[in-house]
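Read the structure below first, then the notes.
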Amino acid sequence: MGIGNYIKVIGRGKDGARALTRDQAADLFGQVLDCAVTDLEIGAFCLAMRIKGETPQEMAGFLDATAARLQPIASQGRTVVVLPSYNGARKLPVLTPLLGLLLAREGLPVLLHGTDTEDARVSAQNVLLALGVPAQEAIKLILPGELQWVPTALLCPGLQRLLDVRRVVGLRNPAHSLVKLMNPCDGPALIVSSYTHPEYAASMTATFQLMQAHALLLRGTEGEPVADPRRTPAMDAIAGGQVTRVQEAQGGTLASIPGLPAPDVASTARWIQAVLSGEQPVPVPIALQVAHIVRLAKAPRTTT
């Protein structure tokens with residue numbers, strides 16, 4: 001055991017490093033998740049991948065290893081809408097909870113998974129607490145019309161430990177990309193995923209295609225999988241290896257929205273409650289995103 005041979009391959013710098021095969025990546029990542037390697041090896045892996053970058057084949061291997069170690073959410077064959085929430089917000093209110101609650105109101109089972117990764121940001125999880133939605137304490141069946149917030153540590157403790165490495169070394173690692181791509185359910189899911197920089201759109205799309213995933217991909221709000229309430233982003237649907245542009249981006253500069261709350265927890269929660277009660281309108285970009293997700297989640301399909 002040990003990942004030294006793999007580190008020799010991926011750790012030779014940006015120009016000298018070589019990519020791992022999918023099987024090699026799965027073996028390496030499985031050992032990392034199982035804590036079968038030393039802290040020094042984990043640090044070397046994280047830094048090497050940070051410099052080299054992950055290929056879609058490597059990310060598919062990492063996802064394979066993670067899937068084998070997950071405590072999956074049972075859904076009884078229903079398509080679950082999956083919202084990975086790991087970035088939080090700094091400048092704008094984090095509206096992932098609003099997206100999740102609107103989707104649950106449409107009768108869909110909605111799984112929001114995540115953990116705090118940056119202390120300086122307001123997390124969707126804290127907003128959910130303020131809205132009276134606590135974290136799950138155990139894995140259980142998800143029902144139609146239900147929003148479950150499941151901490152990453154419940155799904156896969158090894159993945160949580162890898163995410164926590166960022167607090168020590170100050171840099172993201174493959175786990176931060178992986179959590180936006182994984183299906184934590186035991187059956188079909190529509191993964192609503194986001195990227196922050198355009199170059200990630202191509203690699204995330206390629207990974208979804210390799211995994212035969214069903215996904216909606218957009219440039220999210222500060223890394224969260226919710227449309228910017230000020231301007232509609234482009235949205236791509238991925239299913240059966242095919243990519244379809246379902247929403248064109250709104251042109252022009254970002255507009256302001258009267259009444260958009262301050263980004264703190266209390267203000268964001270109050271505003272979300274006002275939107276849900278009809279006192280405030282749903283921002284058009286988020287309403288469009290909800291409509292696309294509902295259509296995609298309810299469409300007949302054969303892949304998971």
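For the structure tokens, the naming scheme is as follows: chains receive sequential letters (A, B, ...) according to their order of presentation, residues are indexed from 1 within each chain, and ligands are indexed from 1 in presentation order.
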
Can you list, as a PDB file with C-alpha atoms, in the first residue's frame, every protein, DNA or RNA residue that comes within 8 Å of Thr96 (chain A) when you count only C-alpha atoms, leaving out same-chain residues fewer than 2 positions away?
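As written to disk, part_17.pdb reads:
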```
ATOM      1  CA  LEU A  83     -27.416  20.765  -4.600  1.00  0.00           C
ATOM      2  CA  SER A  85     -23.146  23.756  -1.276  1.00  0.00           C
ATOM      3  CA  VAL A  94     -26.355  32.885  -0.388  1.00  0.00           C
ATOM      4  CA  LEU A  98     -34.171  29.450  -1.543  1.00  0.00           C
ATOM      5  CA  LEU A  99     -33.510  27.335  -4.639  1.00  0.00           C
ATOM      6  CA  GLY A 100     -33.829  24.129  -2.620  1.00  0.00           C
ATOM      7  CA  ALA A 124     -26.055  27.986   3.117  1.00  0.00           C
ATOM      8  CA  GLU A 224     -22.895  28.184  -5.184  1.00  0.00           C
ATOM      9  CA  PRO A 225     -25.189  26.218  -7.550  1.00  0.00           C
ATOM     10  CA  VAL A 226     -27.815  28.961  -7.753  1.00  0.00           C
TER      11      VAL A 226
END
```

Name the residues of region 59-279 of chain A that come out as alpha helix (DSSP H) in a backbone DSSP run; write them as an MDAnalysis selection string. chainID A and resid 59:67 96:105 124:130 152:155 157:169 174:178 198:210 265:276

Please report, as a Markdown table, each residue of region 97-198 of chain A lying at most 9 Å from region 15-35 of chain A, together with the nearest pair of atoms and the separation in Å rounded to one decimal; use only C-alpha atoms, and order rows by chain and ascending residue number.
```
| residue | atom | partner | partner_atom | distance |
| --- | --- | --- | --- | --- |
| A:Cys156 | CA | A:Leu33 | CA | 8.4 |
| A:Pro157 | CA | A:Leu33 | CA | 8.0 |
| A:Gly158 | CA | A:Leu33 | CA | 4.4 |
| A:Leu159 | CA | A:Leu33 | CA | 6.1 |
| A:Arg161 | CA | A:Leu33 | CA | 8.1 |
| A:Leu162 | CA | A:Leu33 | CA | 7.5 |
```

Would you mind listing what lies within 10 Å of Ala234 (chain A) as a PyMOL selection string, with only C-alpha atoms counted and same-chain residues fewer than 2 positions away left out? chain A and resi 217-220+227+231-232+236+245-250+289

Residue selection dump (N, CA and C atoms) as a JSON list (two decimals), in the first residue's frame:
```json
[["chain", "number", "residue", "atom", "x", "y", "z"],
["A", 217, "LEU", "N", -25.55, 22.42, -15.41],
["A", 217, "LEU", "CA", -24.30, 23.11, -15.11],
["A", 217, "LEU", "C", -24.43, 24.58, -15.47],
["A", 218, "LEU", "N", -24.02, 25.44, -14.55],
["A", 218, "LEU", "CA", -24.08, 26.88, -14.77],
["A", 218, "LEU", "C", -22.95, 27.56, -14.02],
["A", 219, "ARG", "N", -22.70, 28.80, -14.41],
["A", 219, "ARG", "CA", -21.77, 29.61, -13.61],
["A", 219, "ARG", "C", -22.56, 30.12, -12.41],
["A", 220, "GLY", "N", -22.21, 29.63, -11.25],
["A", 220, "GLY", "CA", -23.01, 29.91, -10.07],
["A", 220, "GLY", "C", -22.67, 31.24, -9.43],
["A", 227, "ALA", "N", -28.48, 30.43, -9.55],
["A", 227, "ALA", "CA", -28.29, 31.51, -10.53],
["A", 227, "ALA", "C", -28.14, 32.85, -9.82],
["A", 231, "ARG", "N", -28.67, 38.62, -12.85],
["A", 231, "ARG", "CA", -28.56, 38.39, -14.29],
["A", 231, "ARG", "C", -28.51, 36.89, -14.57],
["A", 232, "THR", "N", -29.30, 36.46, -15.54],
["A", 232, "THR", "CA", -29.42, 35.03, -15.83],
["A", 232, "THR", "C", -28.15, 34.50, -16.49],
["A", 236, "ASP", "N", -26.46, 24.63, -19.00],
["A", 236, "ASP", "CA", -26.35, 23.46, -19.87],
["A", 236, "ASP", "C", -26.89, 22.24, -19.16],
["A", 245, "ARG", "N", -27.73, 23.21, -24.47],
["A", 245, "ARG", "CA", -27.88, 24.54, -23.87],
["A", 245, "ARG", "C", -29.37, 24.81, -23.68],
["A", 246, "VAL", "N", -29.80, 24.87, -22.43],
["A", 246, "VAL", "CA", -31.22, 25.07, -22.15],
["A", 246, "VAL", "C", -31.54, 26.52, -21.78],
["A", 247, "GLN", "N", -30.50, 27.30, -21.50],
["A", 247, "GLN", "CA", -30.72, 28.70, -21.15],
["A", 247, "GLN", "C", -29.54, 29.53, -21.63],
["A", 248, "GLU", "N", -29.81, 30.51, -22.46],
["A", 248, "GLU", "CA", -28.78, 31.43, -22.89],
["A", 248, "GLU", "C", -28.53, 32.47, -21.80],
["A", 249, "ALA", "N", -27.31, 32.99, -21.80],
["A", 249, "ALA", "CA", -26.95, 34.00, -20.81],
["A", 249, "ALA", "C", -27.58, 35.33, -21.16],
["A", 250, "GLN", "N", -27.96, 36.05, -20.13],
["A", 250, "GLN", "CA", -28.46, 37.41, -20.30],
["A", 250, "GLN", "C", -27.27, 38.32, -20.56],
["A", 289, "GLN", "N", -34.22, 29.02, -13.47],
["A", 289, "GLN", "CA", -33.47, 27.84, -13.07],
["A", 289, "GLN", "C", -34.39, 26.78, -12.47]]
```

Within 12 Å of region 49-53 of chain A, which residues of region 57-77 of chain A come that close, and what is the closest atom pair and distance in Å for each? Count only C-alpha atoms and give it as a Markdown table.
```
| residue | atom | partner | partner_atom | distance |
| --- | --- | --- | --- | --- |
| A:Gln57 | CA | A:Gly53 | CA | 11.6 |
| A:Glu58 | CA | A:Gly53 | CA | 9.6 |
| A:Met59 | CA | A:Gly53 | CA | 9.9 |
```

Test item: residues at most 9 Å from region 107-122 of chain A, only C-alpha atoms, excluding those fewer than 6 positions along its chain, as a ChimeraX atom specification: /A:73,75,78-91,93-94,96-97,100-101,142-153,155,160,163-164,166-167,179,184-185,263-265,294,297-298

Using only C-alpha atoms for the distances, tell me which of A:Leu131, A:Leu141, A:Ala44, A:Leu181 is nearest to Asn5 (chain A). A:Ala44

Hey, could you make a per-residue contact list for region 103-138 of chain A against region 272-277 of chain A with 12 Å as the cut-off, showing the nearest pair of atoms and its distance in Å to one decimal, counting only C-alpha atoms, sorted by chain and number, as a tab-separated table?
```
residue	atom	partner	partner_atom	distance
A:Leu103	CA	A:Leu276	CA	11.3
A:Ala104	CA	A:Leu276	CA	11.5
A:Arg105	CA	A:Leu276	CA	9.4
A:Ala124	CA	A:Ile272	CA	11.8
A:Val127	CA	A:Ile272	CA	9.4
A:Leu128	CA	A:Ile272	CA	10.1
A:Ala130	CA	A:Gln273	CA	10.2
A:Leu131	CA	A:Gln273	CA	7.7
A:Gly132	CA	A:Gln273	CA	10.8
```

Save out the residues we just selected, N, CA and C atoms, as a PDB file, in the first residue's frame.
```pdb
ATOM      1  N   LEU A 103     -37.733  24.245  -5.047  1.00  0.00           N
ATOM      2  CA  LEU A 103     -37.811  22.948  -5.729  1.00  0.00           C
ATOM      3  C   LEU A 103     -38.614  21.934  -4.907  1.00  0.00           C
ATOM      4  N   ALA A 104     -38.421  21.951  -3.599  1.00  0.00           N
ATOM      5  CA  ALA A 104     -39.209  21.057  -2.749  1.00  0.00           C
ATOM      6  C   ALA A 104     -40.694  21.409  -2.827  1.00  0.00           C
ATOM      7  N   ARG A 105     -40.973  22.700  -2.942  1.00  0.00           N
ATOM      8  CA  ARG A 105     -42.365  23.129  -3.067  1.00  0.00           C
ATOM      9  C   ARG A 105     -43.002  22.616  -4.361  1.00  0.00           C
ATOM     10  N   ALA A 124     -24.654  28.351   3.307  1.00  0.00           N
ATOM     11  CA  ALA A 124     -26.055  27.986   3.117  1.00  0.00           C
ATOM     12  C   ALA A 124     -26.574  27.207   4.317  1.00  0.00           C
ATOM     13  N   VAL A 127     -27.824  29.541   6.989  1.00  0.00           N
ATOM     14  CA  VAL A 127     -29.096  30.141   6.576  1.00  0.00           C
ATOM     15  C   VAL A 127     -30.233  29.130   6.748  1.00  0.00           C
ATOM     16  N   LEU A 128     -29.979  27.870   6.395  1.00  0.00           N
ATOM     17  CA  LEU A 128     -30.997  26.835   6.586  1.00  0.00           C
ATOM     18  C   LEU A 128     -31.364  26.694   8.063  1.00  0.00           C
ATOM     19  N   ALA A 130     -31.310  29.030  10.270  1.00  0.00           N
ATOM     20  CA  ALA A 130     -32.142  30.182  10.601  1.00  0.00           C
ATOM     21  C   ALA A 130     -33.558  30.036  10.048  1.00  0.00           C
ATOM     22  N   LEU A 131     -33.706  29.230   9.000  1.00  0.00           N
ATOM     23  CA  LEU A 131     -35.020  28.974   8.406  1.00  0.00           C
ATOM     24  C   LEU A 131     -35.718  27.778   9.048  1.00  0.00           C
ATOM     25  N   GLY A 132     -35.087  27.196  10.047  1.00  0.00           N
ATOM     26  CA  GLY A 132     -35.696  26.065  10.742  1.00  0.00           C
ATOM     27  C   GLY A 132     -35.476  24.730  10.068  1.00  0.00           C
TER      28      GLY A 132
END
```

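For the residues A:Gln212, A:Ala67, A:Leu47, A:His197, ranking by smallest atom-to-atom distance to Gly13 (chain A) using only C-alpha atoms places A:Leu47 first.
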
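For the pair CA of Gln125 (chain A) and CA of Gly259 (chain A), the separation is 22.5 Å.
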
Among region 213-266 of chain A, which residues does DSSP mark as strand (DSSP E) when it is run on the backbone? Keep the chain and numbering as in the structure and answer as JSON, numbers by chain. {"A": [215, 216, 217, 218, 219, 235, 236, 237, 238, 239, 242, 243, 244, 245, 246, 247]}

Please produce a file of those selected residues containing C-alpha atoms, as a CSV table (one decimal), in the first residue's frame.
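Wrote part_30.csv, looks like this:
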```csv
chain,number,residue,atom,x,y,z
A,215,ALA,CA,-26.8,17.4,-14.5
A,216,LEU,CA,-27.5,21.1,-14.9
A,217,LEU,CA,-24.3,23.1,-15.1
A,218,LEU,CA,-24.1,26.9,-14.8
A,219,ARG,CA,-21.8,29.6,-13.6
A,235,MET,CA,-27.3,26.8,-18.3
A,236,ASP,CA,-26.3,23.5,-19.9
A,237,ALA,CA,-28.2,20.2,-19.4
A,238,ILE,CA,-26.1,17.0,-19.6
A,239,ALA,CA,-27.8,13.6,-20.0
A,242,GLN,CA,-25.1,14.7,-24.6
A,243,VAL,CA,-24.9,18.5,-23.7
A,244,THR,CA,-27.8,20.8,-24.5
A,245,ARG,CA,-27.9,24.5,-23.9
A,246,VAL,CA,-31.2,25.1,-22.1
A,247,GLN,CA,-30.7,28.7,-21.1
```

Determine the nearest neighbour of Gly61 (chain A) from the options A:Leu40, A:Leu210, A:Ala74, A:Leu129, counting only C-alpha atoms. A:Leu210

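As for CA of Gly4 (chain A) and CA of Glu41 (chain A), they are spaced 7.3 Å apart.
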